[in-house]
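Undergrad: So here's upload-v1.txt (compact mmCIF, C-alpha atoms).
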# COMPACT_ATOMS: atom_id res chain seq x y z
CA MET A 792 41.28 -32.54 -86.21
CA PHE A 793 41.21 -33.14 -82.46
CA ILE A 794 44.12 -34.99 -80.91
CA ASP A 795 44.36 -36.07 -77.24
CA VAL A 796 41.16 -34.47 -76.04
CA THR A 797 41.58 -34.07 -72.28
CA VAL A 798 38.59 -32.03 -71.18
CA THR A 799 35.67 -33.76 -69.49
CA THR A 800 33.09 -32.75 -72.08
CA VAL A 801 33.57 -31.18 -75.50
CA VAL A 802 30.64 -29.49 -77.22
CA ILE A 803 31.18 -28.63 -80.88
CA ALA A 804 28.65 -26.60 -82.86
CA LEU A 805 28.92 -26.90 -86.65
CA GLU A 806 26.81 -24.90 -89.05
CA VAL A 807 26.79 -27.40 -91.84
CA CYS A 808 23.15 -27.56 -92.83
CA ARG A 809 23.23 -24.18 -94.55
CA SER A 810 25.77 -25.44 -97.06
CA GLY A 811 23.41 -28.16 -98.17
CA PHE A 812 25.68 -31.07 -97.29
CA PRO A 813 24.01 -34.19 -96.00
CA ALA A 814 24.78 -34.50 -92.32
CA GLU A 815 26.85 -37.67 -92.53
CA ILE A 816 28.99 -36.31 -95.37
CA ALA A 817 29.54 -33.02 -93.52
CA ILE A 818 30.53 -34.74 -90.30
CA ASP A 819 32.87 -37.13 -92.12
CA ALA A 820 34.52 -34.18 -93.86
CA LEU A 821 34.98 -32.02 -90.79
CA ILE A 822 35.97 -34.57 -88.18
CA ILE A 823 38.84 -36.62 -89.52
CA HIS A 824 39.97 -38.29 -86.33
CA VAL A 825 39.26 -38.02 -82.62
CA LYS A 826 41.59 -39.62 -80.09
CA PHE A 827 40.06 -39.68 -76.63
CA SER A 828 41.88 -39.69 -73.33
CA THR A 829 40.54 -41.81 -70.48
CA HIS A 830 38.99 -38.69 -68.88
CA VAL A 831 36.61 -37.85 -71.70
CA VAL A 832 32.98 -38.33 -70.73
CA ALA A 833 31.27 -37.28 -73.94
CA VAL A 834 31.53 -35.33 -77.17
CA PHE A 835 28.46 -33.71 -78.68
CA VAL A 836 28.53 -32.62 -82.32
CA CYS A 837 25.62 -30.49 -83.45
CA TYR A 838 24.63 -27.99 -86.10
CA VAL A 839 22.10 -25.17 -86.11
CA CYS A 840 19.17 -27.40 -86.92
CA HIS A 841 19.90 -29.06 -83.57
CA ASP A 842 20.27 -32.61 -84.84
CA ILE A 843 22.77 -34.38 -82.60
CA PHE A 844 25.51 -36.96 -83.10
CA TRP A 845 26.73 -38.72 -79.96
CA LEU A 846 30.32 -40.01 -79.84
CA THR A 847 31.15 -42.45 -77.07
CA GLY A 848 34.57 -43.72 -78.11
CA PRO A 849 37.33 -43.29 -80.69
CA GLU A 850 35.89 -43.06 -84.19
CA ASN A 851 32.64 -44.51 -82.92
CA ARG A 852 29.67 -42.48 -84.08
CA CYS A 853 26.05 -43.52 -83.54
CA ALA A 854 22.98 -42.63 -85.53
CA PHE A 855 21.05 -39.37 -85.43
CA HIS A 856 19.49 -38.18 -82.17
CA GLY A 857 17.10 -35.28 -81.57
CA LEU A 858 17.70 -32.19 -79.51
CA GLN A 859 15.91 -33.83 -76.58
CA SER A 860 18.55 -36.55 -76.35
CA PHE A 861 21.31 -33.95 -76.26
CA PHE A 862 19.91 -32.17 -73.23
CA ALA A 863 19.10 -35.45 -71.50
CA GLN A 864 22.74 -36.48 -71.81
CA VAL A 865 23.96 -33.10 -70.54
CA ARG A 866 21.69 -33.34 -67.51
CA ASN A 867 22.94 -36.84 -66.76
CA ILE A 868 26.53 -35.60 -66.78
CA PHE A 869 25.75 -32.74 -64.39
CA GLN A 870 23.78 -35.08 -62.14
CA THR A 871 26.67 -37.53 -62.01
CA THR A 872 29.08 -34.74 -61.14
CA GLN A 873 26.79 -33.50 -58.38
CA THR A 874 26.47 -37.01 -56.98
CA MET A 875 30.25 -37.40 -56.91
CA GLN A 876 30.77 -34.07 -55.15
CA PRO A 877 27.89 -33.53 -52.70
CA LEU A 878 27.58 -30.18 -51.02
CA PRO A 879 27.03 -29.83 -47.27
CA ALA A 880 23.29 -29.93 -46.58
CA ILE A 881 21.49 -26.68 -45.77
CA LEU A 882 18.88 -27.78 -43.25
CA PRO A 883 16.38 -25.79 -41.18
CA THR A 884 16.58 -26.12 -37.42
CA GLU A 885 13.30 -28.00 -37.74
CA GLY A 886 10.83 -28.73 -40.50
CA ARG A 887 11.16 -28.82 -44.28
CA HIS A 888 11.77 -26.46 -47.18
CA VAL A 889 8.80 -26.07 -49.52
CA ILE A 890 8.85 -24.88 -53.13
CA HIS A 891 5.71 -24.24 -55.18
CA LEU A 892 6.40 -24.05 -58.94
CA LEU A 893 3.80 -23.11 -61.54
CA PHE A 894 4.52 -23.22 -65.28
CA ARG A 895 2.95 -22.45 -68.62
CA VAL A 896 3.42 -25.04 -71.36
CA GLU A 897 4.83 -23.56 -74.55
CA HIS A 898 2.86 -25.61 -77.04
CA GLY A 899 4.52 -23.89 -79.98
CA GLN A 900 7.89 -25.26 -78.88
CA TRP A 901 6.39 -28.65 -78.03
CA ASP A 902 4.88 -28.94 -81.52
CA LEU A 903 8.36 -28.59 -83.04
CA LEU A 904 9.44 -31.87 -81.45
CA ASP A 905 8.97 -35.11 -83.36
CA LYS A 906 7.12 -38.02 -81.79
CA PRO A 907 10.22 -39.87 -80.45
CA SER A 908 11.45 -36.65 -78.84
CA ARG A 909 8.08 -36.08 -77.18
CA ILE A 910 8.05 -39.62 -75.81
CA SER A 911 11.61 -39.15 -74.56
CA ALA A 912 10.66 -35.87 -72.86
CA LYS A 913 7.65 -37.34 -71.09
CA THR A 914 9.69 -40.35 -70.02
CA ALA A 915 12.38 -38.06 -68.62
CA LEU A 916 9.84 -36.18 -66.50
CA ALA A 917 8.25 -39.43 -65.30
CA GLU A 918 11.66 -40.77 -64.27
CA LEU A 919 12.49 -37.53 -62.47
CA VAL A 920 9.18 -37.60 -60.59
CA SER A 921 9.93 -41.18 -59.52
CA GLU A 922 13.43 -40.20 -58.40
CA ILE A 923 12.17 -37.26 -56.35
CA ARG A 924 9.42 -39.28 -54.71
CA SER A 925 11.92 -41.98 -53.74
CA THR A 926 14.20 -39.44 -52.04
CA PRO A 927 14.06 -39.75 -48.23
CA ASP A 928 11.84 -37.23 -46.39
CA THR A 929 10.73 -35.75 -49.71
CA GLN A 930 7.29 -35.28 -51.28
CA LEU A 931 6.33 -34.09 -54.74
CA LEU A 932 2.75 -33.20 -55.68
CA ILE A 933 1.73 -32.50 -59.27
CA PHE A 934 -1.17 -30.30 -60.34
CA SER A 935 -3.04 -29.38 -63.47
CA MET A 936 -3.67 -25.70 -62.88
CA VAL A 937 -7.18 -24.44 -63.60
CA THR A 938 -7.52 -21.19 -65.66
CA PRO A 939 -4.78 -19.81 -67.93
CA LYS A 940 -2.78 -18.31 -65.03
CA ALA A 941 -0.67 -21.47 -65.31
CA ASP A 942 -0.88 -24.95 -66.84
CA LEU A 943 1.26 -27.19 -64.66
CA GLY A 944 2.19 -27.04 -60.98
CA PHE A 945 4.59 -28.79 -58.60
CA MET A 946 4.77 -28.72 -54.81
CA LEU A 947 8.11 -29.98 -53.52
CA ILE A 948 8.81 -30.61 -49.82
CA THR A 949 12.27 -31.70 -48.68
CA PRO A 950 14.66 -30.81 -45.82
CA ASP A 951 17.84 -29.83 -47.70
CA LEU A 952 17.73 -26.53 -49.61
CA HIS A 953 20.36 -27.83 -52.05
CA VAL A 954 18.14 -30.79 -52.88
CA ALA A 955 15.09 -28.54 -53.24
CA ASP A 956 16.97 -26.16 -55.52
CA ALA A 957 18.47 -28.94 -57.67
CA PHE A 958 15.15 -30.77 -58.10
CA SER A 959 13.26 -27.56 -58.90
CA LYS A 960 15.73 -26.68 -61.66
CA ARG A 961 15.58 -30.19 -63.08
CA LEU A 962 11.78 -30.05 -63.08
CA THR A 963 11.96 -26.80 -65.04
CA LEU A 964 14.02 -28.49 -67.78
CA ALA A 965 12.59 -32.01 -67.59
CA LEU A 966 10.46 -31.69 -70.73
CA GLY A 967 13.27 -29.97 -72.60
CA PRO A 968 14.48 -26.39 -73.08
CA ASP A 969 11.84 -23.70 -73.59
CA ILE A 970 8.92 -26.10 -73.05
CA LEU A 971 8.03 -24.91 -69.53
CA THR A 972 7.94 -21.18 -68.79
CA PRO A 973 7.79 -20.18 -65.10
CA ALA A 974 4.50 -18.48 -64.21
CA PHE A 975 4.79 -18.36 -60.40
CA SER A 976 7.06 -19.69 -57.68
CA TRP A 977 7.28 -19.56 -53.88
CA LEU A 978 9.85 -20.66 -51.33
CA SER A 979 8.70 -21.27 -47.77
CA MET A 980 9.33 -23.54 -44.77
CA THR A 981 7.12 -25.68 -42.60
CA GLU A 982 6.95 -24.20 -39.12
CA ARG A 983 5.25 -24.52 -35.75
CA SER A 984 2.71 -21.94 -34.65
CA GLU A 985 3.73 -19.62 -31.84
CA TYR A 986 0.09 -19.49 -30.68
CA THR A 987 -0.48 -23.15 -29.80
CA THR A 988 -1.75 -24.03 -26.33
CA SER A 989 0.96 -25.07 -23.86
CA ASP A 990 0.70 -27.84 -21.27
CA GLU A 991 0.40 -25.25 -18.52
CA GLU A 992 -2.40 -23.39 -20.29
CA TYR A 993 -4.36 -26.57 -20.94
CA ALA A 994 -3.90 -27.76 -17.36
CA LEU A 995 -5.19 -24.41 -16.09
CA SER A 996 -8.23 -24.69 -18.35
CA LEU A 997 -9.00 -28.14 -16.93
CA GLU A 998 -8.87 -26.75 -13.40
CA THR A 999 -10.83 -23.56 -14.03
CA GLU A 1000 -13.30 -24.61 -16.73
CA GLU A 1001 -13.81 -28.33 -16.10
CA LYS A 1002 -13.15 -28.17 -12.33
CA LEU A 1003 -10.72 -31.09 -12.42
CA THR A 1004 -8.07 -31.42 -9.75
CA ALA A 1005 -4.45 -31.80 -10.82
CA GLY A 1006 -3.10 -35.29 -10.22
CA THR A 1007 -6.45 -37.08 -10.33
CA PRO A 1008 -6.97 -39.90 -12.86
CA ALA A 1009 -9.51 -37.84 -14.85
CA PHE A 1010 -7.12 -34.88 -15.00
CA GLU A 1011 -4.12 -36.99 -16.05
CA GLU A 1012 -6.16 -38.83 -18.67
CA LYS A 1013 -7.13 -35.55 -20.32
CA MET A 1014 -3.56 -34.24 -20.11
CA ASP A 1015 -2.22 -37.41 -21.72
CA ALA A 1016 -4.75 -37.16 -24.57
CA PHE A 1017 -3.87 -33.47 -25.04
CA ARG A 1018 -0.13 -34.21 -25.29
CA LYS A 1019 -0.75 -36.91 -27.88
CA ARG A 1020 -2.90 -34.51 -29.94
CA MET A 1021 -0.26 -31.79 -29.77
CA THR A 1022 2.53 -34.19 -30.73
CA LYS A 1023 0.60 -35.23 -33.85
CA TYR A 1024 -0.35 -31.62 -34.60
CA LEU A 1025 3.29 -30.51 -34.43
CA LYS A 1026 4.48 -33.38 -36.61
CA ASP A 1027 1.76 -32.64 -39.18
CA ARG A 1028 2.92 -29.04 -39.38
CA LEU A 1029 6.66 -29.68 -39.51
CA GLU A 1030 6.74 -32.98 -41.43
CA PRO A 1031 3.40 -33.11 -43.24
CA ASN A 1032 2.10 -36.14 -45.06
CA LEU A 1033 -0.11 -34.46 -47.60
CA PRO A 1034 -3.30 -36.08 -48.94
CA ASP A 1035 -4.19 -36.94 -52.52
CA TRP A 1036 -7.42 -34.92 -52.37
CA PRO A 1037 -8.09 -33.60 -55.86
CA VAL A 1038 -8.62 -29.86 -55.27
CA VAL A 1039 -5.74 -27.63 -54.21
CA CYS A 1040 -5.93 -23.91 -53.45
CA LEU A 1041 -2.71 -21.86 -53.23
CA TYR A 1042 -2.15 -18.28 -52.09
CA PRO A 1043 0.34 -16.08 -50.21
CA MET A 1044 -0.64 -13.79 -47.33
CA SER A 1045 0.79 -11.30 -44.84
CA LYS A 1046 -0.31 -9.50 -41.69
CA ARG A 1047 -0.91 -5.77 -42.06
CA ARG A 1048 1.44 -3.14 -40.66
CA VAL A 1049 -0.53 0.08 -41.13
CA PRO A 1050 -1.66 2.65 -38.54
CA GLY A 1051 -4.61 1.27 -36.62
CA GLN A 1052 -4.19 -2.18 -38.19
CA ASN A 1053 -0.65 -3.15 -37.24
CA TRP A 1054 -0.63 -6.80 -36.25
CA TYR A 1055 2.88 -6.55 -34.90
CA ALA A 1056 1.98 -3.65 -32.64
CA LEU A 1057 -0.44 -5.89 -30.70
CA ASP A 1058 0.89 -7.61 -27.61
CA PHE A 1059 1.32 -11.38 -27.66
CA ASP A 1060 -1.74 -12.17 -25.55
CA ALA A 1061 -3.99 -10.13 -27.83
CA ARG A 1062 -2.61 -11.85 -30.93
CA LYS A 1063 -2.97 -15.27 -29.35
CA LYS A 1064 -6.60 -14.61 -28.40
CA LEU A 1065 -7.40 -13.50 -31.94
CA MET A 1066 -5.68 -16.53 -33.46
CA ALA A 1067 -7.60 -18.86 -31.13
CA GLY A 1068 -10.87 -17.58 -32.60
CA HIS A 1069 -9.43 -17.93 -36.09
CA ALA A 1070 -8.48 -21.55 -35.39
CA ARG A 1071 -11.97 -22.37 -34.09
CA VAL A 1072 -13.43 -21.46 -37.47
CA GLY A 1073 -10.88 -23.66 -39.21
CA ARG A 1074 -11.66 -26.67 -37.03
CA THR A 1075 -15.28 -26.65 -38.20
CA TYR A 1076 -13.94 -27.75 -41.62
CA SER A 1077 -12.11 -30.81 -40.24
CA GLY A 1078 -12.40 -33.68 -42.72
CA ARG A 1079 -13.33 -31.28 -45.52
CA ILE A 1080 -10.28 -29.02 -45.65
CA LEU A 1081 -6.66 -29.82 -44.85
CA GLN A 1082 -4.57 -26.67 -44.44
CA LEU A 1083 -0.80 -26.32 -44.54
CA ILE A 1084 0.56 -22.89 -43.66
CA THR A 1085 4.26 -22.44 -44.37
CA GLY A 1086 6.40 -19.48 -43.40
CA SER A 1087 8.19 -17.26 -45.90
CA THR A 1088 9.23 -14.22 -43.85
CA GLY A 1089 12.61 -13.15 -45.22
CA LEU A 1090 12.33 -15.66 -48.05
CA GLU A 1091 9.62 -14.10 -50.23
CA ASP A 1092 7.60 -10.89 -50.53
CA ASP A 1093 4.78 -12.12 -48.28
CA GLU A 1094 5.06 -13.75 -44.87
CA TRP A 1095 3.17 -17.03 -45.33
CA PHE A 1096 1.99 -19.37 -48.02
CA VAL A 1097 -1.29 -21.25 -47.65
CA THR A 1098 -2.00 -24.60 -49.30
CA LEU A 1099 -5.56 -25.90 -48.92
CA PHE A 1100 -6.53 -29.45 -49.89
CA SER A 1101 -10.17 -30.38 -50.44
CA LYS A 1102 -12.45 -32.74 -52.30
CA THR A 1103 -14.59 -29.95 -53.75
CA THR A 1104 -14.20 -26.29 -54.64
CA SER A 1105 -17.35 -25.58 -52.63
CA ASP A 1106 -15.50 -26.23 -49.37
CA VAL A 1107 -12.56 -24.08 -50.47
CA LYS A 1108 -14.87 -21.22 -51.31
CA ALA A 1109 -16.81 -21.65 -48.06
CA ILE A 1110 -13.82 -21.61 -45.69
CA VAL A 1111 -12.15 -18.65 -47.40
CA TYR A 1112 -15.41 -16.71 -47.34
CA GLU A 1113 -16.17 -17.49 -43.70
CA MET A 1114 -12.64 -16.64 -42.63
CA ARG A 1115 -13.00 -13.19 -44.19
CA PHE A 1116 -15.41 -12.26 -41.38
CA ASP A 1117 -13.03 -13.37 -38.66
CA GLU A 1118 -11.27 -10.39 -37.08
CA VAL A 1119 -7.80 -11.73 -37.87
CA SER A 1120 -8.60 -11.70 -41.60
CA ALA A 1121 -10.97 -8.73 -41.65
CA GLN A 1122 -8.65 -6.39 -39.78
CA TYR A 1123 -5.13 -7.68 -40.20
CA ALA A 1124 -4.71 -9.92 -43.27
CA ASP A 1125 -3.60 -9.12 -46.81
CA PHE A 1126 -3.89 -11.82 -49.47
CA GLY A 1127 -2.04 -12.38 -52.71
CA GLU A 1128 -3.13 -14.09 -55.90
CA PHE A 1129 -5.17 -17.30 -55.61
CA PHE A 1130 -4.53 -20.41 -57.72
CA ILE A 1131 -6.65 -23.57 -58.06
CA GLY A 1132 -5.08 -26.85 -59.11
CA LEU A 1133 -6.17 -30.47 -59.54
CA GLN A 1134 -4.02 -33.39 -58.44
CA LEU A 1135 -3.77 -35.87 -61.31
CA PRO A 1136 -1.71 -38.97 -62.12
CA LEU A 1137 1.10 -38.12 -64.51
CA ASP A 1138 -0.42 -39.93 -67.51
CA ALA A 1139 -3.73 -38.13 -67.00
CA LEU A 1140 -1.85 -34.86 -66.64
CA TYR A 1141 -0.08 -35.36 -69.97
CA SER A 1142 -3.45 -35.91 -71.62
CA ARG A 1143 -4.97 -32.88 -69.90
CA LEU A 1144 -2.08 -30.68 -71.04
CA GLY A 1145 -2.18 -31.97 -74.61
CA LEU A 1146 1.34 -33.38 -74.43
Kindly return the structure encoded in the file as structure tokens.
TA:
Amino acid sequence: MFIDVTVTTVVIALEVCRSGFPAEIAIDALIIHVKFSTHVVAVFVCYVCHDIFWLTGPENRCAFHGLQSFFAQVRNIFQTTQTMQPLPAILPTEGRHVIHLLFRVEHGQWDLLDKPSRISAKTALAELVSEIRSTPDTQLLIFSMVTPKADLGFMLITPDLHVADAFSKRLTLALGPDILTPAFSWLSMTERSEYTTSDEEYALSLETEEKLTAGTPAFEEKMDAFRKRMTKYLKDRLEPNLPDWPVVCLYPMSKRRVPGQNWYALDFDARKKLMAGHARVGRTYSGRILQLITGSTGLEDDEWFVTLFSKTTSDVKAIVYEMRFDEVSAQYADFGEFFIGLQLPLDALYSRLGL
């Protein structure tokens, strides 16, 4: 018997199935009376077979729910609590936090769910995706991962690290416990490049290479166009608006620090000259490849994470191959594992994953 329950949430586990009692009889026998205070949010009563009874008021018991409903209710309680007590935002000085999450689908666990529970799970993920995508300054991309390295992938971009962390954990559990197993993850941040051309450098190039005189209409017209290009370039790096191109290539990378090939032992001018040549190769793929390089120094094992968007794997293969011959890559770059994903609508993704 429970009298004057005053905790916010009470979770009671009852092993009644083993005794052979029908669930309703067992519950009626074990819970004689529950008197709720005004502070009680919910009481969950469950037994080892994980069938759930949901009590929302004094002596008011609803019909049977599955395990999926239990966890959905728990998540709603935690979400409500978090909403009521927001934490101070953890924001970068500029840019966004980026989390890549790759999962394997545990089909053995999924097959244990009945049809209503599966529908409920897929609905919960769809609602979460909608919630994330409606969050200000936040993007969520969803991938079907090619090859058995992983099945499902998310790319989350948002300013506040608390928001990124909360959403990533909710995505992990959205289909229910033990359905998604983490296969790979990466935390990084959008950042500006330290090797971009400055106004002074571009003005000097106009004077020395194009023989334009500072202050003339032709000179000022080119400077104005340059500033507009750089403003867009910087915004695209710090606050990207990513395309819906179907093919996505993901991989981490670092610059080498070994004798004779120590990137950080080179002076700035040498590094900038090398990166300028590297960028020229990349620009030849404009319209075919969109590249987002995010920084992870101090956040992960490697220093950057590369996300390539394309309309065909041929262009991904071509740019990665051609870049290998550039001195920056050939002499100073180390690459991690590569992943290929396909952007799909959520309903098509469910079908692709066999959910």
Undergrad: Show which residues sit within 12 Å of A:Ala955, as an mmCIF file with C-alpha atoms, in the frame of the given file. Count only C-alpha atoms, and ignore same-chain residues fewer than 2 positions away.
TA:
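As written to disk, selection-v1.cif reads:
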data_model
loop_
_atom_site.group_PDB
_atom_site.id
_atom_site.type_symbol
_atom_site.label_atom_id
_atom_site.label_comp_id
_atom_site.auth_asym_id
_atom_site.auth_seq_id
_atom_site.Cartn_x
_atom_site.Cartn_y
_atom_site.Cartn_z
ATOM 1 C CA ALA A 880 23.290 -29.930 -46.580
ATOM 2 C CA ILE A 881 21.490 -26.680 -45.770
ATOM 3 C CA LEU A 882 18.880 -27.780 -43.250
ATOM 4 C CA ARG A 887 11.160 -28.820 -44.280
ATOM 5 C CA HIS A 888 11.770 -26.460 -47.180
ATOM 6 C CA VAL A 889 8.800 -26.070 -49.520
ATOM 7 C CA ILE A 890 8.850 -24.880 -53.130
ATOM 8 C CA HIS A 891 5.710 -24.240 -55.180
ATOM 9 C CA LEU A 892 6.400 -24.050 -58.940
ATOM 10 C CA ILE A 923 12.170 -37.260 -56.350
ATOM 11 C CA THR A 926 14.200 -39.440 -52.040
ATOM 12 C CA ASP A 928 11.840 -37.230 -46.390
ATOM 13 C CA THR A 929 10.730 -35.750 -49.710
ATOM 14 C CA GLN A 930 7.290 -35.280 -51.280
ATOM 15 C CA LEU A 931 6.330 -34.090 -54.740
ATOM 16 C CA PHE A 945 4.590 -28.790 -58.600
ATOM 17 C CA MET A 946 4.770 -28.720 -54.810
ATOM 18 C CA LEU A 947 8.110 -29.980 -53.520
ATOM 19 C CA ILE A 948 8.810 -30.610 -49.820
ATOM 20 C CA THR A 949 12.270 -31.700 -48.680
ATOM 21 C CA PRO A 950 14.660 -30.810 -45.820
ATOM 22 C CA ASP A 951 17.840 -29.830 -47.700
ATOM 23 C CA LEU A 952 17.730 -26.530 -49.610
ATOM 24 C CA HIS A 953 20.360 -27.830 -52.050
ATOM 25 C CA ALA A 957 18.470 -28.940 -57.670
ATOM 26 C CA PHE A 958 15.150 -30.770 -58.100
ATOM 27 C CA SER A 959 13.260 -27.560 -58.900
ATOM 28 C CA LYS A 960 15.730 -26.680 -61.660
ATOM 29 C CA ARG A 961 15.580 -30.190 -63.080
ATOM 30 C CA LEU A 962 11.780 -30.050 -63.080
ATOM 31 C CA TRP A 977 7.280 -19.560 -53.880
ATOM 32 C CA LEU A 978 9.850 -20.660 -51.330
ATOM 33 C CA SER A 979 8.700 -21.270 -47.770
ATOM 34 C CA MET A 980 9.330 -23.540 -44.770
#
Undergrad: Compare A:Leu1041, A:Ala915, A:Pro879, A:Phe894 by their minimum atom-to-atom distance to A:Pro939, counting all atoms listed in the file, and give me the closest one.
TA: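 Closest to A:Pro939, using all atoms listed in the file: A:Phe894.
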Undergrad: Do you know which residues are at most 12 Å from stretch 1012-1024 of chain A counting all atoms listed in the file, after dropping those on the same chain fewer than 2 positions away, and could you put them as number ranges by chain?
TA: A: 982-984, 987-998, 1001, 1003-1010, 1026-1032, 1082-1083
Undergrad: Measuring between all atoms listed in the file, which one of A:Met1044, A:Leu966, A:Leu903, A:Leu1065 shows the shortest distance to A:Ile1084?
TA: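 Going through A:Met1044, A:Leu966, A:Leu903, A:Leu1065 one by one, the smallest distance to A:Ile1084 is for A:Met1044.
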Undergrad: Using atom CA of A:Phe934 and atom CA of A:Leu1140 as the two end points, give the distance in Å to one decimal.
TA: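 Interatomic distance here is 7.8 Å.
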Undergrad: Expressed in Å to a single decimal, how great is the separation between atom CA of A:Ala941 and atom CA of A:Glu1128?
TA: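 Taking atom CA of A:Ala941 and atom CA of A:Glu1128, their separation equals 12.2 Å.
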